[in-house]
>>> print(open('data-v7.tsv').read())   # TSV, C-alpha atoms
chain	number	residue	atom	x	y	z
A	105	MET	CA	-30.98	-16.65	-26.07
A	106	VAL	CA	-27.48	-17.61	-27.21
A	107	MET	CA	-26.76	-13.97	-28.02
A	108	LEU	CA	-28.12	-12.89	-24.62
A	109	ARG	CA	-25.79	-15.21	-22.72
A	110	GLY	CA	-22.76	-13.71	-24.48
A	111	PHE	CA	-24.10	-10.20	-23.92
A	112	LEU	CA	-24.51	-10.93	-20.21
A	113	VAL	CA	-20.84	-11.97	-20.00
A	114	LEU	CA	-19.79	-8.67	-21.65
A	115	VAL	CA	-21.97	-6.59	-19.33
A	116	VAL	CA	-20.68	-8.45	-16.26
A	117	PHE	CA	-17.06	-7.82	-17.34
A	118	PHE	CA	-17.91	-4.15	-17.85
A	119	LEU	CA	-19.30	-4.01	-14.29
A	120	LEU	CA	-16.18	-5.78	-13.00
A	121	GLY	CA	-14.06	-3.23	-14.86
A	122	GLU	CA	-16.00	-0.41	-13.22
A	123	ALA	CA	-15.53	-2.10	-9.85
A	124	LEU	CA	-11.77	-2.35	-10.38
A	125	ARG	CA	-11.62	1.30	-11.48
A	126	VAL	CA	-13.42	2.54	-8.38
A	127	LEU	CA	-11.85	0.19	-5.84
A	128	ALA	CA	-8.27	0.58	-7.13
A	129	GLY	CA	-8.74	4.27	-7.95
A	130	LEU	CA	-7.36	3.84	-11.49
A	131	PRO	CA	-7.67	6.74	-13.97
A	132	VAL	CA	-8.75	4.35	-16.74
A	133	SER	CA	-12.32	3.76	-17.95
A	134	GLY	CA	-14.24	0.69	-16.77
A	135	GLY	CA	-14.73	-0.52	-20.35
A	136	VAL	CA	-10.97	-0.66	-20.98
A	137	LEU	CA	-10.30	-2.45	-17.70
A	138	GLY	CA	-13.12	-4.87	-18.56
A	139	MET	CA	-11.52	-5.46	-21.96
A	140	VAL	CA	-8.11	-6.20	-20.42
A	141	MET	CA	-9.74	-8.55	-17.88
A	142	MET	CA	-11.62	-10.23	-20.72
A	143	THR	CA	-8.43	-10.79	-22.76
A	144	PHE	CA	-6.57	-12.25	-19.78
A	145	THR	CA	-9.50	-14.46	-18.80
A	146	LEU	CA	-9.66	-15.85	-22.34
A	147	MET	CA	-5.88	-16.43	-22.37
A	148	VAL	CA	-6.14	-18.39	-19.14
A	149	ARG	CA	-9.14	-20.39	-20.39
A	150	GLY	CA	-7.52	-20.90	-23.78
A	151	ARG	CA	-10.74	-20.66	-25.80
A	152	VAL	CA	-13.73	-18.44	-26.60
A	153	SER	CA	-17.27	-19.80	-26.30
A	154	ASP	CA	-19.45	-19.44	-29.41
A	155	GLU	CA	-22.01	-17.27	-27.63
A	156	LEU	CA	-19.35	-14.84	-26.44
A	157	ALA	CA	-17.74	-14.67	-29.90
A	158	GLU	CA	-21.18	-14.11	-31.43
A	159	ALA	CA	-22.20	-11.37	-29.00
A	160	SER	CA	-18.90	-9.55	-29.29
A	161	ARG	CA	-18.95	-9.69	-33.09
A	162	GLY	CA	-22.48	-8.28	-33.08
A	163	LEU	CA	-21.63	-5.46	-30.74
A	164	ILE	CA	-18.38	-4.58	-32.56
A	165	SER	CA	-20.24	-4.32	-35.87
A	166	LEU	CA	-22.45	-1.70	-34.20
A	167	LEU	CA	-19.52	0.36	-32.88
A	168	VAL	CA	-19.85	2.93	-35.66
A	169	MET	CA	-23.52	3.44	-34.84
A	170	LEU	CA	-22.81	3.77	-31.13
A	171	ILE	CA	-20.32	6.60	-31.65
A	172	THR	CA	-22.45	8.43	-34.23
A	173	PRO	CA	-24.49	10.48	-31.71
A	174	GLY	CA	-21.23	11.79	-30.25
A	175	VAL	CA	-19.89	12.70	-33.69
A	176	VAL	CA	-23.14	14.57	-34.43
A	177	GLY	CA	-22.23	16.73	-31.44
A	178	VAL	CA	-19.12	17.95	-33.29
A	179	PHE	CA	-21.33	20.05	-35.59
A	180	PHE	CA	-22.94	21.74	-32.60
A	181	ILE	CA	-19.68	22.77	-30.92
A	182	VAL	CA	-18.19	24.53	-33.95
A	183	ASP	CA	-18.96	27.93	-32.37
A	184	GLN	CA	-17.86	26.89	-28.90
A	185	PHE	CA	-14.31	26.19	-30.13
A	186	ALA	CA	-14.37	29.05	-32.66
A	187	GLY	CA	-10.78	30.23	-32.11
A	188	HIS	CA	-9.32	26.73	-31.79
A	189	TRP	CA	-10.05	25.02	-35.09
A	190	THR	CA	-6.83	26.11	-36.82
A	191	THR	CA	-4.80	24.68	-33.93
A	192	VAL	CA	-6.83	21.47	-33.95
A	193	LEU	CA	-6.50	20.98	-37.70
A	194	VAL	CA	-2.78	21.82	-37.93
A	195	SER	CA	-1.87	19.56	-35.03
A	196	LEU	CA	-3.97	16.69	-36.38
A	197	VAL	CA	-2.70	16.90	-39.97
A	198	VAL	CA	0.99	17.38	-39.13
A	199	GLY	CA	0.85	15.10	-36.06
A	200	THR	CA	-0.81	12.24	-37.93
A	201	LEU	CA	1.57	12.52	-40.91
A	202	LEU	CA	4.60	12.42	-38.60
A	203	SER	CA	3.29	9.49	-36.58
A	204	VAL	CA	2.40	7.49	-39.71
A	205	ILE	CA	5.95	8.01	-41.04
A	206	THR	CA	7.43	7.02	-37.66
A	207	THR	CA	5.32	3.86	-37.37
A	208	LEU	CA	6.06	2.64	-40.89
A	209	LEU	CA	9.81	3.40	-40.64
A	210	LEU	CA	10.09	1.67	-37.25
A	211	MET	CA	8.16	-1.42	-38.35
A	212	LYS	CA	10.17	-1.62	-41.58
A	213	LYS	CA	13.47	-1.36	-39.69
A	214	VAL	CA	12.63	-3.83	-36.94
A	215	ALA	CA	10.69	-6.35	-39.00
A	216	GLY	CA	13.50	-6.28	-41.56
A	217	ALA	CA	10.76	-5.88	-44.11
A	218	GLY	CA	10.88	-5.54	-47.83
A	219	GLU	CA	10.04	-9.23	-48.06
A	220	LYS	CA	6.56	-9.44	-49.49
A	221	HIS	CA	3.77	-11.07	-47.60
A	222	ASP	CA	0.48	-12.09	-49.15
B	241	MET	CA	-50.92	28.58	-36.91
B	242	THR	CA	-52.78	25.45	-35.85
B	243	GLU	CA	-50.56	23.47	-38.14
B	244	THR	CA	-47.45	24.78	-36.39
B	245	SER	CA	-48.80	24.04	-32.93
B	246	ALA	CA	-49.90	20.56	-33.99
B	247	PHE	CA	-46.37	19.93	-35.25
B	248	ALA	CA	-44.92	21.32	-32.04
B	249	GLU	CA	-47.22	19.08	-30.03
B	250	LEU	CA	-46.24	16.06	-32.06
B	251	MET	CA	-42.54	16.85	-31.61
B	252	ALA	CA	-43.12	17.21	-27.86
B	253	VAL	CA	-44.80	13.80	-27.70
B	254	TRP	CA	-42.21	12.12	-29.91
B	255	SER	CA	-39.25	13.57	-28.08
B	256	SER	CA	-40.64	12.85	-24.60
B	257	GLY	CA	-39.14	9.34	-24.85
B	258	PRO	CA	-35.93	8.10	-26.47
B	259	MET	CA	-37.60	6.40	-29.45
B	260	LEU	CA	-37.30	9.35	-31.84
B	261	SER	CA	-33.56	9.66	-31.16
B	262	ILE	CA	-33.14	5.91	-31.54
B	263	ALA	CA	-35.03	5.85	-34.84
B	264	LEU	CA	-33.00	8.79	-36.17
B	265	THR	CA	-29.69	7.21	-35.16
B	266	LEU	CA	-30.55	3.81	-36.69
B	267	GLY	CA	-31.86	5.49	-39.84
B	268	GLY	CA	-28.80	7.75	-40.13
B	269	PHE	CA	-26.44	4.80	-39.61
B	270	LEU	CA	-28.14	2.69	-42.32
B	271	ALA	CA	-28.38	5.65	-44.71
B	272	GLY	CA	-24.67	6.35	-44.16
B	273	GLN	CA	-23.73	2.73	-44.98
B	274	TRP	CA	-25.91	2.76	-48.07
B	275	MET	CA	-24.63	6.08	-49.43
B	276	PHE	CA	-21.01	5.07	-48.72
B	277	ALA	CA	-21.47	1.99	-50.92
B	278	ARG	CA	-23.24	4.06	-53.58
B	279	PHE	CA	-20.40	6.62	-53.73
B	280	GLY	CA	-17.89	3.81	-54.36
B	281	ARG	CA	-16.41	3.65	-50.83
B	282	PRO	CA	-14.31	6.84	-50.94
B	283	LEU	CA	-11.36	6.89	-48.48
B	284	TRP	CA	-12.00	10.45	-47.38
B	285	MET	CA	-15.70	9.99	-46.59
B	286	PRO	CA	-16.34	7.11	-44.16
B	287	PRO	CA	-19.95	6.07	-43.32
B	288	VAL	CA	-19.78	7.64	-39.86
B	289	LEU	CA	-19.11	11.05	-41.44
B	290	ILE	CA	-22.05	10.72	-43.84
B	291	ALA	CA	-24.37	9.50	-41.06
B	292	SER	CA	-23.44	12.27	-38.65
B	293	VAL	CA	-23.80	15.04	-41.26
B	294	LEU	CA	-27.27	13.74	-42.16
B	295	LEU	CA	-28.25	13.48	-38.48
B	296	ALA	CA	-26.89	16.94	-37.64
B	297	ILE	CA	-29.01	18.45	-40.44
B	298	VAL	CA	-32.16	16.63	-39.28
B	299	VAL	CA	-31.55	17.45	-35.60
B	300	ALA	CA	-30.97	21.14	-36.37
B	301	LEU	CA	-33.83	21.61	-38.87
B	302	SER	CA	-36.51	19.63	-37.00
B	303	GLY	CA	-36.11	21.83	-33.95
B	304	LEU	CA	-35.35	18.75	-31.84
B	305	GLY	CA	-32.02	20.26	-30.74
B	306	PHE	CA	-28.81	18.41	-29.94
B	307	ALA	CA	-29.32	18.26	-26.16
B	308	GLN	CA	-32.71	16.56	-26.56
B	309	TYR	CA	-31.39	14.22	-29.27
B	310	GLU	CA	-28.36	13.23	-27.22
B	311	GLN	CA	-30.48	12.48	-24.17
B	312	GLY	CA	-32.58	9.99	-26.16
B	313	ALA	CA	-29.57	8.55	-27.99
B	314	ARG	CA	-27.99	7.75	-24.62
B	315	TRP	CA	-30.14	4.60	-24.62
B	316	LEU	CA	-27.90	3.41	-27.46
B	317	THR	CA	-24.58	4.94	-26.40
B	318	VAL	CA	-24.55	3.19	-23.00
B	319	LEU	CA	-23.75	0.07	-25.02
B	320	LEU	CA	-20.28	1.53	-25.70
B	321	GLY	CA	-19.17	0.13	-22.33
B	322	PRO	CA	-19.87	-3.55	-23.11
B	323	ALA	CA	-18.78	-2.93	-26.75
B	324	THR	CA	-15.35	-1.87	-25.47
B	325	VAL	CA	-15.17	-5.06	-23.41
B	326	ALA	CA	-16.10	-6.98	-26.59
B	327	LEU	CA	-12.87	-5.75	-28.26
B	328	GLY	CA	-11.02	-8.08	-25.89
B	329	VAL	CA	-12.33	-11.09	-27.83
B	330	PRO	CA	-10.69	-10.36	-31.25
B	331	LEU	CA	-7.61	-9.23	-29.34
B	332	TYR	CA	-7.40	-12.71	-27.79
B	333	GLN	CA	-8.17	-14.37	-31.13
B	334	GLN	CA	-5.18	-12.59	-32.74
B	335	MET	CA	-2.80	-13.56	-29.99
B	336	HIS	CA	-0.94	-15.95	-32.36
B	337	HIS	CA	-0.17	-12.95	-34.64
B	338	ILE	CA	1.34	-11.13	-31.67
B	339	ARG	CA	3.48	-14.17	-30.84
B	340	ALA	CA	4.68	-14.49	-34.46
B	341	LEU	CA	5.72	-10.85	-34.78
B	342	TRP	CA	6.25	-10.02	-31.12
B	343	LEU	CA	9.59	-8.22	-31.42
B	344	PRO	CA	8.66	-5.52	-33.99
B	345	ILE	CA	5.31	-5.08	-32.24
B	346	LEU	CA	6.93	-4.79	-28.84
B	347	VAL	CA	9.45	-2.23	-30.09
B	348	THR	CA	7.09	-0.19	-32.26
B	349	LEU	CA	3.96	-0.08	-30.14
B	350	PRO	CA	5.07	1.94	-27.09
B	351	VAL	CA	7.13	4.38	-29.19
B	352	ALA	CA	4.61	4.87	-31.98
B	353	ALA	CA	1.53	4.98	-29.73
B	354	THR	CA	3.20	7.54	-27.48
B	355	LEU	CA	4.32	9.63	-30.46
B	356	ALA	CA	0.87	9.41	-32.10
B	357	ALA	CA	-0.42	11.39	-29.12
B	358	ALA	CA	2.75	13.41	-28.45
B	359	TYR	CA	3.30	14.91	-31.93
B	360	ALA	CA	-0.19	16.41	-32.06
B	361	LEU	CA	-0.05	17.51	-28.42
B	362	MET	CA	3.31	19.25	-28.86
B	363	ILE	CA	2.11	21.10	-31.96
B	364	ALA	CA	-1.15	22.09	-30.27
B	365	TRP	CA	0.73	23.15	-27.12
B	366	ALA	CA	3.17	25.23	-29.20
B	367	MET	CA	0.15	26.91	-30.77
B	368	ASN	CA	-1.17	27.83	-27.31
B	369	ALA	CA	-4.08	25.41	-27.15
B	370	SER	CA	-6.17	25.49	-23.96
B	371	PRO	CA	-5.98	22.57	-21.48
B	372	LEU	CA	-9.48	21.53	-22.56
B	373	VAL	CA	-8.39	21.30	-26.21
B	374	LEU	CA	-5.20	19.41	-25.26
B	375	ALA	CA	-7.16	16.89	-23.17
B	376	SER	CA	-9.60	16.42	-26.04
B	377	LEU	CA	-6.84	15.88	-28.64
B	378	ALA	CA	-4.72	13.50	-26.53
B	379	PRO	CA	-6.62	10.29	-27.37
B	380	LYS	CA	-6.93	11.16	-31.10
B	381	SER	CA	-5.46	7.88	-32.38
B	382	VAL	CA	-7.43	5.61	-30.07
B	383	THR	CA	-10.60	3.75	-30.99
B	384	ALA	CA	-13.74	5.73	-30.10
B	385	PRO	CA	-15.16	3.92	-27.06
B	386	ILE	CA	-11.74	3.91	-25.40
B	387	ALA	CA	-10.98	7.49	-26.49
B	388	MET	CA	-14.25	8.73	-25.00
B	389	GLY	CA	-13.31	7.10	-21.71
B	390	ILE	CA	-9.84	8.70	-21.82
B	391	ALA	CA	-11.17	12.17	-22.74
B	392	GLU	CA	-13.62	11.90	-19.86
B	393	GLN	CA	-10.83	10.94	-17.45
B	394	LEU	CA	-8.62	13.83	-18.65
B	395	GLY	CA	-11.45	16.36	-18.55
B	396	GLY	CA	-11.69	16.96	-22.30
B	397	SER	CA	-14.72	17.60	-24.50
B	398	ILE	CA	-16.18	14.32	-25.80
B	399	SER	CA	-17.51	15.97	-28.95
B	400	LEU	CA	-14.17	17.62	-29.77
B	401	THR	CA	-12.42	14.30	-29.16
B	402	LEU	CA	-14.78	12.54	-31.56
B	403	GLY	CA	-14.19	15.26	-34.13
B	404	ALA	CA	-10.42	14.84	-33.75
B	405	LEU	CA	-10.84	11.07	-34.03
B	406	LEU	CA	-12.84	11.35	-37.21
B	407	ILE	CA	-10.30	13.68	-38.85
B	408	THR	CA	-7.36	11.52	-37.66
B	409	GLY	CA	-8.96	8.29	-38.93
B	410	VAL	CA	-9.56	9.72	-42.41
B	411	LEU	CA	-6.07	11.29	-42.56
B	412	ALA	CA	-4.40	8.05	-41.43
B	413	CYS	CA	-5.97	6.15	-44.37
B	414	LEU	CA	-4.61	8.68	-46.85
B	415	PHE	CA	-1.17	9.10	-45.23
B	416	VAL	CA	-0.48	5.36	-44.74
B	417	ASP	CA	-1.32	4.87	-48.40
B	418	TRP	CA	1.11	7.62	-49.51
B	419	VAL	CA	3.95	6.92	-47.08
B	420	ALA	CA	3.89	3.13	-47.66
B	421	ARG	CA	4.25	3.77	-51.37
B	422	TRP	CA	7.01	6.33	-50.74
B	423	LEU	CA	8.96	3.94	-48.47
B	424	ASP	CA	8.22	1.03	-50.80
B	425	ILE	CA	6.53	-1.04	-48.08
B	426	LYS	CA	4.39	-3.85	-49.46
B	427	ASP	CA	4.03	-6.04	-46.36
B	428	ASP	CA	0.31	-6.12	-45.52
B	429	ARG	CA	1.13	-6.89	-41.89
B	430	ILE	CA	3.09	-3.65	-41.53
B	431	ILE	CA	0.59	-1.54	-43.48
B	432	GLY	CA	-2.30	-2.98	-41.45
B	433	PHE	CA	-0.54	-2.43	-38.13
B	434	ALA	CA	0.26	1.20	-39.05
B	435	LEU	CA	-3.36	1.79	-40.09
B	436	GLY	CA	-4.82	0.48	-36.83
B	437	LEU	CA	-2.22	2.13	-34.64
B	438	ASN	CA	-2.74	5.59	-36.14
B	439	GLY	CA	-6.27	5.59	-37.46
B	440	HIS	CA	-8.28	3.27	-35.12
B	441	ALA	CA	-11.60	1.84	-36.40
B	442	ILE	CA	-11.90	4.04	-39.50
B	443	ALA	CA	-8.49	2.92	-40.77
B	444	THR	CA	-9.20	-0.68	-39.71
B	445	ALA	CA	-12.28	-0.71	-41.94
B	446	ARG	CA	-9.94	0.46	-44.73
B	447	ALA	CA	-7.39	-2.27	-43.84
B	448	PHE	CA	-10.02	-4.99	-44.28
B	449	GLU	CA	-10.53	-3.69	-47.83
B	450	ILE	CA	-6.81	-4.21	-48.55
B	451	SER	CA	-6.65	-7.83	-47.30
B	452	PRO	CA	-7.73	-10.01	-44.36
B	453	THR	CA	-4.12	-10.01	-43.11
B	454	ALA	CA	-4.00	-6.21	-43.14
B	455	GLY	CA	-7.37	-6.20	-41.35
B	456	ALA	CA	-6.18	-8.57	-38.62
B	457	PHE	CA	-3.02	-6.53	-38.01
B	458	SER	CA	-4.99	-3.32	-38.05
B	459	SER	CA	-7.36	-4.66	-35.36
B	460	LEU	CA	-4.30	-5.71	-33.42
B	461	GLY	CA	-2.66	-2.27	-33.78
B	462	MET	CA	-5.93	-0.59	-32.81
B	463	GLY	CA	-6.49	-2.82	-29.79
B	464	LEU	CA	-2.94	-2.57	-28.46
B	465	THR	CA	-2.78	1.21	-28.99
B	466	GLY	CA	-6.12	1.52	-27.22
B	467	VAL	CA	-4.99	-0.45	-24.19
B	468	PHE	CA	-1.54	1.14	-24.06
B	469	THR	CA	-2.85	4.69	-24.40
B	470	ALA	CA	-5.76	4.13	-22.02
B	471	LEU	CA	-3.41	2.82	-19.34
B	472	PHE	CA	-0.54	5.31	-19.76
B	473	LEU	CA	-2.05	8.58	-20.98
B	474	PRO	CA	-4.15	9.32	-17.87
B	475	LEU	CA	-1.13	8.47	-15.69
B	476	ALA	CA	1.14	10.67	-17.84
B	477	PHE	CA	-1.36	13.52	-17.56
B	478	VAL	CA	-1.34	13.19	-13.78
B	479	TRP	CA	2.47	13.47	-13.70
B	480	VAL	CA	2.69	16.41	-16.17
>>> encode(input="data-v7.tsv", output="structure tokens")
Amino acid sequence: MVMLRGFLVLVVFFLLGEALRVLAGLPVSGGVLGMVMMTFTLMVRGRVSDELAEASRGLISLLVMLITPGVVGVFFIVDQFAGHWTTVLVSLVVGTLLSVITTLLLMKKVAGAGEKHD
Amino acid sequence: MTETSAFAELMAVWSSGPMLSIALTLGGFLAGQWMFARFGRPLWMPPVLIASVLLAIVVALSGLGFAQYEQGARWLTVLLGPATVALGVPLYQQMHHIRALWLPILVTLPVAATLAAAYALMIAWAMNASPLVLASLAPKSVTAPIAMGIAEQLGGSISLTLGALLITGVLACLFVDWVARWLDIKDDRIIGFALGLNGHAIATARAFEISPTAGAFSSLGMGLTGVFTALFLPLAFVWV
């Protein structure tokens, strides 16, 4: 029951996010808007109820399972994107390497790092 | 012959509802977790990769077919909506981390999150990628539930996006490891933030193996990148 109460809150915020998306005509998914609304609501309230923390932890631990069916689909579109895989791979490998270097350099510069943190 | 038709009949009955897809997905997920632990948690082979390879083999060989499987699995995947909302809770819980390191985060996040998408997009564009491929690659560094929403908004292919996400997540773990060593960065907060920003949930799982601090900053980097990209990428696509 405790878990259900938290789950209800999450579903209601998702529905509110969808409502905001449709009514305001935003090009952002309802889940993301719901997440932003959730964060702001919690900041205003200043605390998280146990049931909400519990439900969100449970659902987040299942995230990998929830995206698995979509990832399975990758193996069935190999033919459909036959000519594109080189492009996809090159842009992902080079792009990710560049952005990792950028992020680490920027953080190091701005945080004045080098000081160890354990 | 009768054996074949009996099997076909059984498959028809089993796949008439979503239960077969649900059982396969749960089984694949658990098998993936178990094998990942057995193989000694290799960086380049996260559980989601193992699970989806196993499932793809079963779905192809059993004759169930991906379309049928996906239809049943939708009973599980609808939960991605509330699961995305759930990410707002740890984001709130880490708010004190944001306050403590707000300046580097504020400076790095918009630049790095934009570049995470822009580098790959520019390379793909220079290599003459189609609009569909570009829209699918754009959210490559964003956590899956958010990325799927973005790809949908931009008109990309969800499956290609998830493939790009998987590859990016695995690469980010390897690259952050190498580059941090190369730049002599030992601050777990910075390493964690870079992992989450570039490699979403896959790299965040890796960050929690390094230390709880790295894990917290990785969740933070993942959450902030997700929100930032989700809010600005669709708008940027409309302008361009």
>>> atom_distance(input="data-v7.tsv", atom1="atom CA of Val347 of chain B", atom2="atom CA of Val214 of chain A")
7.7 Å
>>> residues_around(input="data-v7.tsv", residues="Leu320 of chain B", least_positions_apart="3", cutoff="9 Å", atoms="all atoms listed in the file", output="list in words")
Gly135, Leu163, Leu167, Leu170 and Ile171 of chain A; Leu316, Thr317, Ala323, Thr324, Val325, Ala384, Pro385 and Ile386 of chain B
>>> atom_distance(input="data-v7.tsv", atom1="atom CA of Arg281 of chain B", atom2="atom CA of Ala445 of chain B")
10.7 Å
>>> closest_residue(input="data-v7.tsv", among="B:Pro287, B:Gly268, B:Pro330, B:Gly461", to="Ile164 of chain A", atoms="all atoms listed in the file")
B:Pro330
>>> atom_distance(input="data-v7.tsv", atom1="atom CA of Met105 of chain A", atom2="atom CA of Gly138 of chain A")
22.7 Å
>>> closest_residue(input="data-v7.tsv", among="B:Leu319, B:Leu402, B:Val382, B:Ala387", to="Leu435 of chain B", atoms="only C-alpha atoms")
B:Val382
>>> residues_around(input="data-v7.tsv", residues="Phe118 of chain A", least_positions_apart="2", cutoff="12 Å", atoms="only C-alpha atoms", output="ChimeraX atom specification")
/A:111-116,120-125,133-142 /B:318-328
>>> closest_residue(input="data-v7.tsv", among="B:Val288, B:Val298, B:Val329, B:Val373", to="Ala391 of chain B", atoms="only C-alpha atoms")
B:Val373
>>> residues_near_point(input="data-v7.tsv", point="(-2.1, 7.5, -24.0)", cutoff="8 Å", atoms="all atoms listed in the file", output="list in words")
Ala353, Thr354, Ala357, Ala378, Pro379, Gly466, Phe468, Thr469, Ala470, Leu471, Phe472, Leu473, Pro474 and Ala476 of chain B
>>> residues_around(input="data-v7.tsv", residues="Thr383 of chain B", least_positions_apart="4", cutoff="9 Å", atoms="only C-alpha atoms", output="PyMOL selection string")
chain B and resi 379+387-388+405+436+439-442+462-463+465-466
>>> residues_near_point(input="data-v7.tsv", point="(-7.7, -19.4, -31.1)", cutoff="8 Å", atoms="only C-alpha atoms", output="PyMOL selection string")
(chain A and resi 150-152) or (chain B and resi 332-336)
>>> closest_residue(input="data-v7.tsv", among="B:Trp365, B:Trp274, B:Phe247, B:Phe279", to="chain A", atoms="all atoms listed in the file")
B:Trp365
>>> residues_around(input="data-v7.tsv", residues="Met251 of chain B", least_positions_apart="5", cutoff="10 Å", atoms="all atoms listed in the file", output="PDB file with C-alpha atoms, in the frame of the given file")
ATOM      1  CA  SER B 245     -48.800  24.040 -32.930  1.00  0.00           C
ATOM      2  CA  ALA B 246     -49.900  20.560 -33.990  1.00  0.00           C
ATOM      3  CA  SER B 256     -40.640  12.850 -24.600  1.00  0.00           C
ATOM      4  CA  LEU B 260     -37.300   9.350 -31.840  1.00  0.00           C
ATOM      5  CA  SER B 302     -36.510  19.630 -37.000  1.00  0.00           C
ATOM      6  CA  GLY B 303     -36.110  21.830 -33.950  1.00  0.00           C
ATOM      7  CA  LEU B 304     -35.350  18.750 -31.840  1.00  0.00           C
TER       8      LEU B 304
END
>>> closest_residue(input="data-v7.tsv", among="B:Gly396, B:Pro258, B:Pro344, B:Pro350", to="chain A", atoms="all atoms listed in the file")
B:Pro344
>>> closest_residue(input="data-v7.tsv", among="B:Val299, B:Ala277, B:Ala313, B:Ala291", to="Gly257 of chain B", atoms="all atoms listed in the file")
B:Ala313
>>> residues_around(input="data-v7.tsv", residues="Val293 of chain B", least_positions_apart="4", cutoff="12 Å", atoms="all atoms listed in the file", output="VMD selection string")
(chain A and resid 172 to 180) or (chain B and resid 265 268 to 269 271 to 272 285 to 289 297 to 300 403)
